[in-house]
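Engineer: Input file: data_25.cif. Contents: mmCIF, C-alpha atoms.
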```
data_target
loop_
_atom_site.group_PDB
_atom_site.id
_atom_site.type_symbol
_atom_site.label_atom_id
_atom_site.label_comp_id
_atom_site.auth_asym_id
_atom_site.auth_seq_id
_atom_site.Cartn_x
_atom_site.Cartn_y
_atom_site.Cartn_z
ATOM 1 C CA MET A 1 -114.685 118.141 -82.552
ATOM 2 C CA SER A 2 -112.303 120.308 -80.512
ATOM 3 C CA ILE A 3 -110.324 123.190 -82.006
ATOM 4 C CA ALA A 4 -107.127 121.160 -81.549
ATOM 5 C CA GLN A 5 -108.593 118.296 -83.596
ATOM 6 C CA VAL A 6 -109.694 120.744 -86.286
ATOM 7 C CA ALA A 7 -106.149 122.140 -86.501
ATOM 8 C CA LEU A 8 -104.643 118.653 -86.769
ATOM 9 C CA ALA A 9 -107.142 117.676 -89.473
ATOM 10 C CA MET A 10 -106.330 120.838 -91.421
ATOM 11 C CA ALA A 11 -102.601 120.119 -91.135
ATOM 12 C CA ALA A 12 -103.103 116.537 -92.380
ATOM 13 C CA ALA A 13 -105.105 117.766 -95.382
ATOM 14 C CA PHE A 14 -102.557 120.493 -96.056
ATOM 15 C CA LEU A 15 -99.729 117.957 -96.311
ATOM 16 C CA GLY A 16 -101.671 115.051 -97.774
ATOM 17 C CA GLY A 17 -103.431 117.005 -100.522
ATOM 18 C CA PRO A 18 -100.344 117.926 -102.575
ATOM 19 C CA VAL A 19 -98.951 114.404 -102.200
ATOM 20 C CA ILE A 20 -102.109 112.894 -103.700
ATOM 21 C CA TRP A 21 -102.148 115.565 -106.404
ATOM 22 C CA SER A 22 -98.508 114.861 -107.357
ATOM 23 C CA LEU A 23 -99.121 111.113 -107.534
ATOM 24 C CA ALA A 24 -102.201 111.652 -109.717
ATOM 25 C CA LEU A 25 -100.226 113.848 -112.115
ATOM 26 C CA LEU A 26 -97.396 111.317 -112.195
ATOM 27 C CA VAL A 27 -99.818 108.602 -113.332
ATOM 28 C CA ARG A 28 -101.527 110.811 -115.939
ATOM 29 C CA SER A 29 -98.482 112.582 -117.334
ATOM 30 C CA PRO A 30 -96.867 111.071 -120.450
ATOM 31 C CA ARG A 31 -93.303 109.860 -120.135
ATOM 32 C CA SER A 32 -90.535 112.154 -121.321
ATOM 33 C CA SER A 33 -89.352 111.325 -124.823
ATOM 34 C CA GLY A 34 -85.996 113.093 -124.662
ATOM 35 C CA PRO A 35 -82.810 111.966 -122.910
ATOM 36 C CA ARG A 36 -82.470 112.531 -119.187
ATOM 37 C CA SER A 37 -79.706 114.761 -117.929
ATOM 38 C CA PRO A 38 -77.228 113.251 -115.445
ATOM 39 C CA TRP A 39 -77.822 113.851 -111.760
ATOM 40 C CA ASN A 40 -75.736 116.780 -110.515
ATOM 41 C CA TRP A 41 -74.946 115.550 -107.007
ATOM 42 C CA GLY A 42 -72.930 118.683 -106.304
ATOM 43 C CA LEU A 43 -76.033 120.795 -106.819
ATOM 44 C CA THR A 44 -78.016 118.476 -104.520
ATOM 45 C CA LEU A 45 -75.386 118.827 -101.793
ATOM 46 C CA ALA A 46 -75.176 122.606 -102.257
ATOM 47 C CA SER A 47 -78.964 122.859 -101.926
ATOM 48 C CA ALA A 48 -78.918 120.797 -98.710
ATOM 49 C CA LEU A 49 -76.176 122.993 -97.230
ATOM 50 C CA ALA A 50 -78.045 126.138 -98.267
ATOM 51 C CA PHE A 51 -81.213 124.824 -96.586
ATOM 52 C CA ALA A 52 -79.327 124.110 -93.343
ATOM 53 C CA LEU A 53 -77.675 127.545 -93.360
ATOM 54 C CA ALA A 54 -80.938 129.335 -94.122
ATOM 55 C CA PHE A 55 -82.866 127.387 -91.481
ATOM 56 C CA ASN A 56 -80.400 128.251 -88.722
ATOM 57 C CA LEU A 57 -80.202 131.930 -89.616
ATOM 58 C CA ILE A 58 -83.991 132.222 -89.797
ATOM 59 C CA PHE A 59 -84.256 130.469 -86.430
ATOM 60 C CA PHE A 60 -81.741 132.948 -84.984
ATOM 61 C CA VAL A 61 -83.821 135.852 -86.324
ATOM 62 C CA GLN A 62 -86.893 134.350 -84.676
ATOM 63 C CA GLU A 63 -85.237 133.989 -81.274
ATOM 64 C CA LEU A 64 -83.594 137.418 -81.522
ATOM 65 C CA PHE A 65 -86.937 139.104 -82.103
ATOM 66 C CA LEU A 66 -88.444 137.136 -79.257
ATOM 67 C CA VAL A 67 -85.784 138.679 -77.001
ATOM 68 C CA VAL A 68 -85.516 142.276 -78.253
ATOM 69 C CA PRO A 69 -89.110 143.356 -77.456
ATOM 70 C CA LYS A 70 -88.787 141.864 -73.970
ATOM 71 C CA ALA A 71 -85.489 143.681 -73.436
ATOM 72 C CA MET A 72 -87.304 146.960 -74.141
ATOM 73 C CA THR A 73 -90.165 146.174 -71.742
ATOM 74 C CA PRO A 74 -89.997 147.231 -68.092
ATOM 75 C CA GLY A 75 -89.804 144.311 -65.683
ATOM 76 C CA LEU A 76 -88.431 141.753 -68.178
ATOM 77 C CA LYS A 77 -84.826 140.540 -68.387
ATOM 78 C CA PRO A 78 -84.394 138.156 -71.356
ATOM 79 C CA THR A 79 -81.502 135.880 -72.269
ATOM 80 C CA LEU A 80 -80.799 134.600 -75.774
ATOM 81 C CA PHE A 81 -79.525 131.049 -76.299
ATOM 82 C CA HIS A 82 -78.562 129.173 -79.444
ATOM 83 C CA ASN A 83 -81.796 127.184 -79.606
ATOM 84 C CA ASN A 84 -84.267 129.151 -77.452
ATOM 85 C CA HIS A 85 -84.583 132.092 -75.082
ATOM 86 C CA ASP A 86 -85.670 132.729 -71.514
ATOM 87 C CA TRP A 87 -86.494 135.663 -69.291
ATOM 88 C CA THR A 88 -87.032 136.664 -65.717
ATOM 89 C CA GLY A 89 -89.520 139.175 -64.387
ATOM 90 C CA ASP A 90 -93.152 139.731 -65.166
ATOM 91 C CA ASN A 91 -95.107 141.866 -67.593
ATOM 92 C CA PRO A 92 -98.384 140.995 -69.332
ATOM 93 C CA LEU A 93 -96.895 142.020 -72.686
ATOM 94 C CA ALA A 94 -94.497 139.060 -72.531
ATOM 95 C CA GLU A 95 -97.311 136.817 -73.781
ATOM 96 C CA LEU A 96 -97.949 139.060 -76.775
ATOM 97 C CA PHE A 97 -94.244 139.256 -77.585
ATOM 98 C CA GLN A 98 -94.152 135.466 -77.970
ATOM 99 C CA GLY A 99 -95.521 136.074 -81.454
ATOM 100 C CA ALA A 100 -92.871 138.649 -82.382
ATOM 101 C CA GLY A 101 -90.324 136.071 -83.538
ATOM 102 C CA ALA A 102 -92.691 134.470 -86.054
ATOM 103 C CA ALA A 103 -93.728 137.897 -87.345
ATOM 104 C CA ALA A 104 -90.081 138.882 -87.870
ATOM 105 C CA THR A 105 -89.228 135.735 -89.809
ATOM 106 C CA VAL A 106 -92.221 136.253 -92.104
ATOM 107 C CA VAL A 107 -90.939 139.752 -92.921
ATOM 108 C CA VAL A 108 -87.440 138.392 -93.602
ATOM 109 C CA GLY A 109 -88.868 135.597 -95.740
ATOM 110 C CA LEU A 110 -90.918 137.967 -97.870
ATOM 111 C CA ALA A 111 -87.904 140.242 -98.340
ATOM 112 C CA PHE A 112 -85.694 137.368 -99.514
ATOM 113 C CA LEU A 113 -88.389 135.986 -101.812
ATOM 114 C CA ALA A 114 -88.696 139.434 -103.384
ATOM 115 C CA TRP A 115 -84.912 139.557 -103.809
ATOM 116 C CA ALA A 116 -84.834 136.078 -105.337
ATOM 117 C CA THR A 117 -87.638 136.728 -107.825
ATOM 118 C CA ARG A 118 -86.720 140.257 -108.889
ATOM 119 C CA ARG A 119 -82.927 140.124 -108.905
ATOM 120 C CA SER A 120 -81.878 136.505 -108.599
ATOM 121 C CA PRO A 121 -78.157 136.309 -107.698
ATOM 122 C CA ARG A 122 -75.955 134.641 -110.285
ATOM 123 C CA PRO A 123 -73.700 132.464 -108.074
ATOM 124 C CA PRO A 124 -75.640 129.208 -107.601
ATOM 125 C CA GLY A 125 -74.714 128.855 -103.927
ATOM 126 C CA LEU A 126 -75.971 132.347 -103.127
ATOM 127 C CA ARG A 127 -79.059 131.817 -105.283
ATOM 128 C CA LEU A 128 -79.918 128.646 -103.381
ATOM 129 C CA PHE A 129 -79.333 130.363 -100.049
ATOM 130 C CA VAL A 130 -81.559 133.319 -100.979
ATOM 131 C CA ALA A 131 -84.330 131.025 -102.264
ATOM 132 C CA TRP A 132 -84.269 128.797 -99.181
ATOM 133 C CA THR A 133 -84.087 131.772 -96.803
ATOM 134 C CA GLY A 134 -87.119 133.347 -98.431
ATOM 135 C CA LEU A 135 -89.114 130.136 -98.303
ATOM 136 C CA LEU A 136 -88.067 129.101 -94.797
ATOM 137 C CA GLY A 137 -88.874 132.540 -93.436
ATOM 138 C CA LEU A 138 -92.504 131.569 -93.974
ATOM 139 C CA LEU A 139 -92.245 127.819 -93.401
ATOM 140 C CA GLU A 140 -90.634 128.208 -89.980
ATOM 141 C CA ALA A 141 -93.135 130.813 -88.810
ATOM 142 C CA LEU A 142 -96.555 130.005 -90.248
ATOM 143 C CA PRO A 143 -96.828 126.363 -89.080
ATOM 144 C CA GLN A 144 -96.667 127.771 -85.554
ATOM 145 C CA ILE A 145 -100.191 129.122 -86.087
ATOM 146 C CA LEU A 146 -101.528 125.609 -86.612
ATOM 147 C CA ILE A 147 -99.402 124.268 -83.768
ATOM 148 C CA GLY A 148 -100.503 127.121 -81.516
ATOM 149 C CA THR A 149 -104.137 126.341 -82.290
ATOM 150 C CA ALA A 150 -103.636 122.714 -81.264
ATOM 151 C CA VAL A 151 -101.183 123.467 -78.430
ATOM 152 C CA PRO A 152 -101.944 126.914 -76.965
ATOM 153 C CA GLN A 153 -98.757 126.773 -74.846
ATOM 154 C CA ASN A 154 -96.487 127.293 -77.857
ATOM 155 C CA ASP A 155 -95.141 130.766 -78.678
ATOM 156 C CA VAL A 156 -97.715 131.822 -81.266
ATOM 157 C CA GLY A 157 -100.489 130.111 -79.306
ATOM 158 C CA ARG A 158 -99.704 132.306 -76.315
ATOM 159 C CA ALA A 159 -99.802 135.427 -78.472
ATOM 160 C CA MET A 160 -103.160 134.393 -79.921
ATOM 161 C CA SER A 161 -104.498 133.832 -76.429
ATOM 162 C CA TYR A 162 -103.326 137.295 -75.383
ATOM 163 C CA LEU A 163 -105.112 138.798 -78.401
ATOM 164 C CA GLY A 164 -108.286 136.951 -77.475
ATOM 165 C CA PHE A 165 -108.540 134.749 -80.573
ATOM 166 C CA HIS A 166 -111.664 132.605 -80.392
ATOM 167 C CA ALA A 167 -112.125 129.291 -82.203
ATOM 168 C CA GLY A 168 -113.386 130.833 -85.452
ATOM 169 C CA THR A 169 -110.529 133.341 -85.573
ATOM 170 C CA LYS A 170 -107.981 130.591 -85.016
ATOM 171 C CA VAL A 171 -109.440 128.495 -87.840
ATOM 172 C CA ALA A 172 -109.334 131.513 -90.156
ATOM 173 C CA ALA A 173 -105.723 132.192 -89.142
ATOM 174 C CA CYS A 174 -104.844 128.556 -89.873
ATOM 175 C CA MET A 175 -106.426 128.755 -93.327
ATOM 176 C CA ALA A 176 -104.578 131.993 -94.092
ATOM 177 C CA ALA A 177 -101.290 130.480 -92.934
ATOM 178 C CA MET A 178 -101.730 127.367 -95.086
ATOM 179 C CA THR A 179 -102.620 129.464 -98.130
ATOM 180 C CA ALA A 180 -99.565 131.658 -97.612
ATOM 181 C CA MET A 181 -97.256 128.643 -97.289
ATOM 182 C CA ALA A 182 -98.643 127.028 -100.434
ATOM 183 C CA LEU A 183 -98.252 130.253 -102.413
ATOM 184 C CA ALA A 184 -94.710 130.777 -101.076
ATOM 185 C CA CYS A 185 -93.746 127.338 -102.406
ATOM 186 C CA GLY A 186 -95.336 128.272 -105.732
ATOM 187 C CA VAL A 187 -93.168 131.400 -105.878
ATOM 188 C CA ALA A 188 -90.020 129.478 -104.897
ATOM 189 C CA ALA A 189 -90.504 126.510 -107.259
ATOM 190 C CA PRO A 190 -89.309 128.327 -110.426
ATOM 191 C CA LEU A 191 -86.253 129.579 -108.531
ATOM 192 C CA PHE A 192 -84.958 126.028 -108.140
ATOM 193 C CA LEU A 193 -85.837 125.042 -111.711
ATOM 194 C CA SER A 194 -84.012 128.116 -113.023
ATOM 195 C CA LEU A 195 -80.739 126.538 -111.881
ATOM 196 C CA LEU A 196 -81.074 123.835 -114.522
ATOM 197 C CA PRO A 197 -80.348 124.620 -118.169
ATOM 198 C CA GLY A 198 -81.476 122.135 -120.772
ATOM 199 C CA ALA A 199 -84.643 120.850 -122.385
ATOM 200 C CA GLU A 200 -85.489 118.270 -119.720
ATOM 201 C CA THR A 201 -87.218 120.731 -117.412
ATOM 202 C CA GLN A 202 -89.542 121.898 -120.201
ATOM 203 C CA ASP A 203 -91.921 118.942 -119.693
ATOM 204 C CA PRO A 204 -93.834 118.184 -116.463
ATOM 205 C CA ARG A 205 -92.072 114.926 -115.616
ATOM 206 C CA GLY A 206 -88.686 116.541 -116.149
ATOM 207 C CA ARG A 207 -89.592 119.421 -113.857
ATOM 208 C CA ALA A 208 -90.889 117.030 -111.196
ATOM 209 C CA ARG A 209 -87.712 114.945 -111.432
ATOM 210 C CA ALA A 210 -85.513 118.040 -111.178
ATOM 211 C CA MET A 211 -87.441 119.342 -108.159
ATOM 212 C CA LEU A 212 -87.067 115.985 -106.429
ATOM 213 C CA ARG A 213 -83.313 115.992 -107.009
ATOM 214 C CA TYR A 214 -82.435 119.592 -106.211
ATOM 215 C CA ALA A 215 -85.042 120.767 -103.687
ATOM 216 C CA VAL A 216 -87.038 117.918 -102.106
ATOM 217 C CA LEU A 217 -84.188 115.496 -101.416
ATOM 218 C CA PRO A 218 -81.847 118.290 -100.213
ATOM 219 C CA ALA A 219 -84.506 119.570 -97.792
ATOM 220 C CA LEU A 220 -84.834 116.112 -96.244
ATOM 221 C CA MET A 221 -81.049 115.639 -96.211
ATOM 222 C CA ALA A 222 -80.641 118.932 -94.349
ATOM 223 C CA VAL A 223 -82.750 117.908 -91.341
ATOM 224 C CA PRO A 224 -79.948 115.953 -89.584
ATOM 225 C CA LEU A 225 -77.485 118.709 -90.545
ATOM 226 C CA VAL A 226 -79.500 121.168 -88.439
ATOM 227 C CA VAL A 227 -79.400 119.055 -85.253
ATOM 228 C CA PRO A 228 -75.793 119.945 -84.219
ATOM 229 C CA PHE A 229 -76.833 123.605 -84.168
ATOM 230 C CA ARG A 230 -79.620 122.842 -81.674
ATOM 231 C CA VAL A 231 -78.044 120.387 -79.211
ATOM 232 C CA PRO A 232 -78.161 119.870 -76.299
ATOM 233 C CA GLY A 233 -81.826 119.277 -75.730
ATOM 234 C CA PRO A 234 -84.470 116.595 -76.266
ATOM 235 C CA LEU A 235 -84.096 114.926 -79.659
ATOM 236 C CA ILE A 236 -87.727 115.517 -80.573
ATOM 237 C CA GLU A 237 -87.352 119.259 -79.954
ATOM 238 C CA ASN A 238 -84.194 119.349 -82.048
ATOM 239 C CA LEU A 239 -85.705 117.408 -84.954
ATOM 240 C CA PHE A 240 -89.301 118.617 -85.019
ATOM 241 C CA PRO A 241 -88.864 122.216 -86.283
ATOM 242 C CA PRO A 242 -86.535 121.403 -89.218
ATOM 243 C CA ALA A 243 -88.596 118.307 -90.063
ATOM 244 C CA VAL A 244 -91.828 120.333 -90.239
ATOM 245 C CA ALA A 245 -90.213 122.911 -92.520
ATOM 246 C CA ALA A 246 -88.564 120.256 -94.719
ATOM 247 C CA VAL A 247 -91.707 118.133 -95.132
ATOM 248 C CA THR A 248 -93.876 121.168 -95.877
ATOM 249 C CA ALA A 249 -91.392 122.441 -98.459
ATOM 250 C CA SER A 250 -91.018 118.987 -100.003
ATOM 251 C CA VAL A 251 -94.679 118.182 -100.589
ATOM 252 C CA TRP A 252 -95.613 121.625 -101.901
ATOM 253 C CA LEU A 253 -92.527 122.228 -104.063
ATOM 254 C CA GLN A 254 -93.024 118.803 -105.632
ATOM 255 C CA ALA A 255 -96.681 119.578 -106.326
ATOM 256 C CA TRP A 256 -95.858 122.978 -107.861
ATOM 257 C CA ALA A 257 -93.102 121.499 -110.035
ATOM 258 C CA TRP A 258 -95.695 120.085 -112.433
ATOM 259 C CA HIS A 259 -96.962 123.575 -113.244
ATOM 260 C CA ALA A 260 -94.096 125.937 -112.437
ATOM 261 C CA PRO A 261 -92.684 127.945 -115.341
ATOM 262 C CA ARG A 262 -89.029 127.410 -115.978
ATOM 263 C CA ALA A 263 -86.967 130.593 -116.159
ATOM 264 C CA PRO A 264 -83.948 130.755 -118.502
ATOM 265 C CA ALA A 265 -80.772 129.626 -116.782
ATOM 266 C CA ALA A 266 -77.082 129.860 -117.409
ATOM 267 C CA ALA A 267 -74.739 126.928 -116.869
ATOM 268 C CA VAL A 268 -74.329 126.036 -113.186
ATOM 269 C CA ARG A 269 -70.767 126.353 -111.899
ATOM 270 C CA LEU A 270 -70.349 125.039 -108.377
ATOM 271 C CA ARG A 271 -66.618 125.663 -108.010
ATOM 272 C CA TRP A 272 -66.893 127.762 -104.843
ATOM 273 C CA ALA A 273 -70.491 127.094 -103.813
ATOM 274 C CA ILE A 274 -69.959 124.034 -101.612
ATOM 275 C CA PRO A 275 -66.795 125.294 -99.803
ATOM 276 C CA ALA A 276 -68.454 128.691 -99.216
ATOM 277 C CA LEU A 277 -71.623 127.126 -97.808
ATOM 278 C CA LEU A 278 -69.605 124.732 -95.621
ATOM 279 C CA GLY A 279 -67.518 127.620 -94.330
ATOM 280 C CA ALA A 280 -70.614 129.678 -93.542
ATOM 281 C CA LEU A 281 -72.204 126.719 -91.742
ATOM 282 C CA GLY A 282 -69.041 126.161 -89.705
ATOM 283 C CA LEU A 283 -68.970 129.820 -88.690
ATOM 284 C CA VAL A 284 -72.635 129.790 -87.644
ATOM 285 C CA LEU A 285 -72.116 126.548 -85.697
ATOM 286 C CA ALA A 286 -69.180 128.119 -83.832
ATOM 287 C CA VAL A 287 -71.227 131.199 -82.949
ATOM 288 C CA PHE A 288 -74.178 129.083 -81.816
ATOM 289 C CA GLN A 289 -72.190 126.663 -79.655
ATOM 290 C CA ILE A 290 -69.456 128.975 -78.328
ATOM 291 C CA VAL A 291 -71.147 132.370 -78.019
ATOM 292 C CA LEU A 292 -74.889 131.714 -77.751
ATOM 293 C CA ARG A 293 -75.044 128.351 -75.989
ATOM 294 C CA PRO A 294 -73.955 129.802 -72.572
ATOM 295 C CA GLY A 295 -76.551 132.563 -73.036
ATOM 296 C CA VAL A 296 -76.332 136.251 -73.921
ATOM 297 C CA ASN A 297 -78.096 138.550 -71.477
ATOM 298 C CA PHE A 298 -80.116 141.445 -72.890
ATOM 299 C CA PHE A 299 -80.114 143.446 -69.645
#
```
If you convert what's in this file into structure tokens, what do you get?

Structural biologist:
Amino acid sequence: MSIAQVALAMAAAFLGGPVIWSLALLVRSPRSSGPRSPWNWGLTLASALAFALAFNLIFFVQELFLVVPKAMTPGLKPTLFHNNHDWTGDNPLAELFQGAGAAATVVVGLAFLAWATRRSPRPPGLRLFVAWTGLLGLLEALPQILIGTAVPQNDVGRAMSYLGFHAGTKVAACMAAMTAMALACGVAAPLFLSLLPGAETQDPRGRARAMLRYAVLPALMAVPLVVPFRVPGPLIENLFPPAVAAVTASVWLQAWAWHAPRAPAAAVRLRWAIPALLGALGLVLAVFQIVLRPGVNFF
């Protein structure tokens, strides 16, 4: 079996395992005896908007830190675009710097997860944005290790080749990346449940239902919202990155919901959350399509 096939098999197990686990717990868990709370569609929409905003800002951080090291390297002249970057010139370090963007987003993700867990913001829109930014910082970066193992031409794959990663090192890196992503979802799961006051989220089925409504479904809803920030370009390239992040978040958040502790929560007031998130998304879209789409030279 080739190293690419090993990486694909690991990715399939990584995504399929929590799905099977969630279905098994659904069958074994007793039904909730108490009344169900009504579906807060405003919170679902706010979570989807927060995911889209966080995804685009994390992607910008990734591309920015792919450009900055090249701009500081003799012989390289990089240009930043809204959905990628490019450069002219030649320097062997360019291959290594292809991993700088993923490294930067991991740092940002860890910082936001620490913020969310230690001092969770009170406004629900900001709390959702901080939680999604922390999680997506890892879920946009770490899958690139598995992809780079299967497709060495991708950004992280090129950095691993520069560093001389052999097959065993790549497999170990894939296992570390999958573990980190699973644990990040475990840290983020209580952050979403803490938005929901009431007794329903005290039992496993209630927590699973709440996670489906306010994290899993919003993540999937956000995928088409991200596309306008990435066009023009091939549809598969525009859809694949947000879809990978959304699917990874969905299967692991849903699996963790059965066990995640529920933090105390105040009543959710969404009066300004949705307009604020829409306004922020509109501003980012304008910057992406008006300022960054023609290209910003870093030389």

Engineer: List as a list in words the residues having at least one atom at most 9 Å from position (-94.1, 125.6, -113.7) as given in the file, counting only C-alpha atoms.

Structural biologist: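 Result, sorted by chain then residue number: Gly186, Ala189, Pro190, Leu193, Gln202, Pro204, Arg207, Trp256, Ala257, Trp258, His259, Ala260, Pro261 and Arg262 of chain A.
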
Engineer: Could you dump the residues just selected with C-alpha atoms as a PDB file, in the frame of the given file?

Structural biologist:
```
ATOM      1  CA  GLY A 186     -95.336 128.272-105.732  1.00  0.00           C
ATOM      2  CA  ALA A 189     -90.504 126.510-107.259  1.00  0.00           C
ATOM      3  CA  PRO A 190     -89.309 128.327-110.426  1.00  0.00           C
ATOM      4  CA  LEU A 193     -85.837 125.042-111.711  1.00  0.00           C
ATOM      5  CA  GLN A 202     -89.542 121.898-120.201  1.00  0.00           C
ATOM      6  CA  PRO A 204     -93.834 118.184-116.463  1.00  0.00           C
ATOM      7  CA  ARG A 207     -89.592 119.421-113.857  1.00  0.00           C
ATOM      8  CA  TRP A 256     -95.858 122.978-107.861  1.00  0.00           C
ATOM      9  CA  ALA A 257     -93.102 121.499-110.035  1.00  0.00           C
ATOM     10  CA  TRP A 258     -95.695 120.085-112.433  1.00  0.00           C
ATOM     11  CA  HIS A 259     -96.962 123.575-113.244  1.00  0.00           C
ATOM     12  CA  ALA A 260     -94.096 125.937-112.437  1.00  0.00           C
ATOM     13  CA  PRO A 261     -92.684 127.945-115.341  1.00  0.00           C
ATOM     14  CA  ARG A 262     -89.029 127.410-115.978  1.00  0.00           C
TER      15      ARG A 262
END
```

Engineer: Using all atoms listed in the file, which residue out of A:Val287, A:Ala12, A:Leu163, A:Ala210 lies closest to A:Ser37?

Structural biologist: A:Ala210

Engineer: Going by the chain IDs and residue numbers used in this file, which residues fall under the PyMOL selection byres ((chain A and resi 155-160) around 9)? Write them as a list in words.

Structural biologist: Ala94, Glu95, Leu96, Phe97, Gln98, Gly99, Ala100, Gly101, Ala102, Ala141, Gln144, Ile145, Leu146, Ile147, Gly148, Thr149, Ala150, Val151, Pro152, Gln153, Asn154, Ser161, Tyr162, Leu163, Gly164, Phe165, His166 and Lys170 of chain A

Engineer: Pick out the residues sitting within 8 Å of A:Leu113, and hand them over as a ChimeraX atom specification; count all atoms listed in the file, and ignore anything fewer than 4 positions along from it in its own chain.

Structural biologist: /A:109,117,130-131,133-135,187-188

Engineer: Which is closest to A:Ala245 among A:Gly282, A:Val216, A:Leu126, A:Trp39, if we use only C-alpha atoms?

Structural biologist: A:Val216

Engineer: Evaluate the PyMOL selection byres ((chain A and resi 280) around 12) against this structure - the residues, as a tab-separated table (two decimals) with C-alpha atoms, in the coordinates of the input, please.

Structural biologist:
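The resulting file, expr_28.tsv, is shown below:
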```
chain	number	residue	atom	x	y	z
A	49	LEU	CA	-76.18	122.99	-97.23
A	50	ALA	CA	-78.04	126.14	-98.27
A	52	ALA	CA	-79.33	124.11	-93.34
A	53	LEU	CA	-77.68	127.54	-93.36
A	54	ALA	CA	-80.94	129.34	-94.12
A	56	ASN	CA	-80.40	128.25	-88.72
A	57	LEU	CA	-80.20	131.93	-89.62
A	125	GLY	CA	-74.71	128.85	-103.93
A	126	LEU	CA	-75.97	132.35	-103.13
A	129	PHE	CA	-79.33	130.36	-100.05
A	273	ALA	CA	-70.49	127.09	-103.81
A	274	ILE	CA	-69.96	124.03	-101.61
A	275	PRO	CA	-66.80	125.29	-99.80
A	276	ALA	CA	-68.45	128.69	-99.22
A	277	LEU	CA	-71.62	127.13	-97.81
A	278	LEU	CA	-69.60	124.73	-95.62
A	279	GLY	CA	-67.52	127.62	-94.33
A	281	LEU	CA	-72.20	126.72	-91.74
A	282	GLY	CA	-69.04	126.16	-89.70
A	283	LEU	CA	-68.97	129.82	-88.69
A	284	VAL	CA	-72.64	129.79	-87.64
A	285	LEU	CA	-72.12	126.55	-85.70
A	286	ALA	CA	-69.18	128.12	-83.83
A	287	VAL	CA	-71.23	131.20	-82.95
```

Engineer: May I ask for the distance between atom CA of A:Pro241 and atom CA of A:Leu8, given in Å to one decimal place?

Structural biologist: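 For atom CA of A:Pro241 relative to atom CA of A:Leu8, the distance reads 16.2 Å.
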
Engineer: In Å to one decimal, how far is atom CA of A:Thr44 from atom CA of A:Ala222?

Structural biologist: 10.5 Å

Engineer: Compile the contact shell of A:Val61 as a PyMOL selection string: residues with an atom at most 12 Å away, counting all atoms listed in the file, same-chain residues fewer than 2 positions apart removed.

Structural biologist: chain A and resi 54-59+63-68+80-85+100-109+133+136-137+140-141

Engineer: For the point (-94.9, 112.2, -119.2) in the file's frame, write as a CSV table (one decimal) with C-alpha atoms, in the frame of the given file all residues with an atom no more than 10 Å away, counting all atoms listed in the file.

Structural biologist:
```
chain,number,residue,atom,x,y,z
A,25,LEU,CA,-100.2,113.8,-112.1
A,26,LEU,CA,-97.4,111.3,-112.2
A,27,VAL,CA,-99.8,108.6,-113.3
A,28,ARG,CA,-101.5,110.8,-115.9
A,29,SER,CA,-98.5,112.6,-117.3
A,30,PRO,CA,-96.9,111.1,-120.4
A,31,ARG,CA,-93.3,109.9,-120.1
A,32,SER,CA,-90.5,112.2,-121.3
A,33,SER,CA,-89.4,111.3,-124.8
A,203,ASP,CA,-91.9,118.9,-119.7
A,204,PRO,CA,-93.8,118.2,-116.5
A,205,ARG,CA,-92.1,114.9,-115.6
A,206,GLY,CA,-88.7,116.5,-116.1
```

Engineer: To verify the selection step, state as a PyMOL selection string which residues the PyMOL selection byres ((chain A and resi 250) around 10) yields on this input.

Structural biologist: chain A and resi 15+18-19+185+211-212+215-220+244-249+251-255

Engineer: Quote the spacing between atom CA of A:Phe14 and atom CA of A:Glu237 in Å to one decimal place.

Structural biologist: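 We find that atom CA of A:Phe14 and atom CA of A:Glu237 lie 22.2 Å from each other.
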
Engineer: To test the calculation: enclose all listed atoms of stretch 87-98 of chain A in a box whose edges run along x, y and z, add 5 Å on each side, then state centre and edge lengths in Å to one decimal, as JSON.

Structural biologist:
```
{"center_x": -92.4, "center_y": 138.7, "center_z": -71.2, "size_x": 21.9, "size_y": 16.6, "size_z": 23.6}
```

Engineer: Which residue is closest to A:Arg127? Choose from A:Asn297, A:Ser194, A:Gln289, A:Ser22 and count all atoms listed in the file.

Structural biologist: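 When distances to A:Arg127 are compared using all atoms listed in the file, the smallest one comes from A:Ser194.
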
Engineer: Between A:Ala46, A:Pro143, A:Pro232, A:Leu195, which has the minimum distance to A:Thr179 (counting all atoms listed in the file)?

Structural biologist: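 Closest candidate: A:Pro143.
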
Engineer: Given the choices A:Val227, A:Arg213, A:Phe288, A:Gly75, which gets closest to A:Trp41 if the distance is worked out from all atoms listed in the file?

Structural biologist: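 Distance minimum relative to A:Trp41 lands on A:Arg213.
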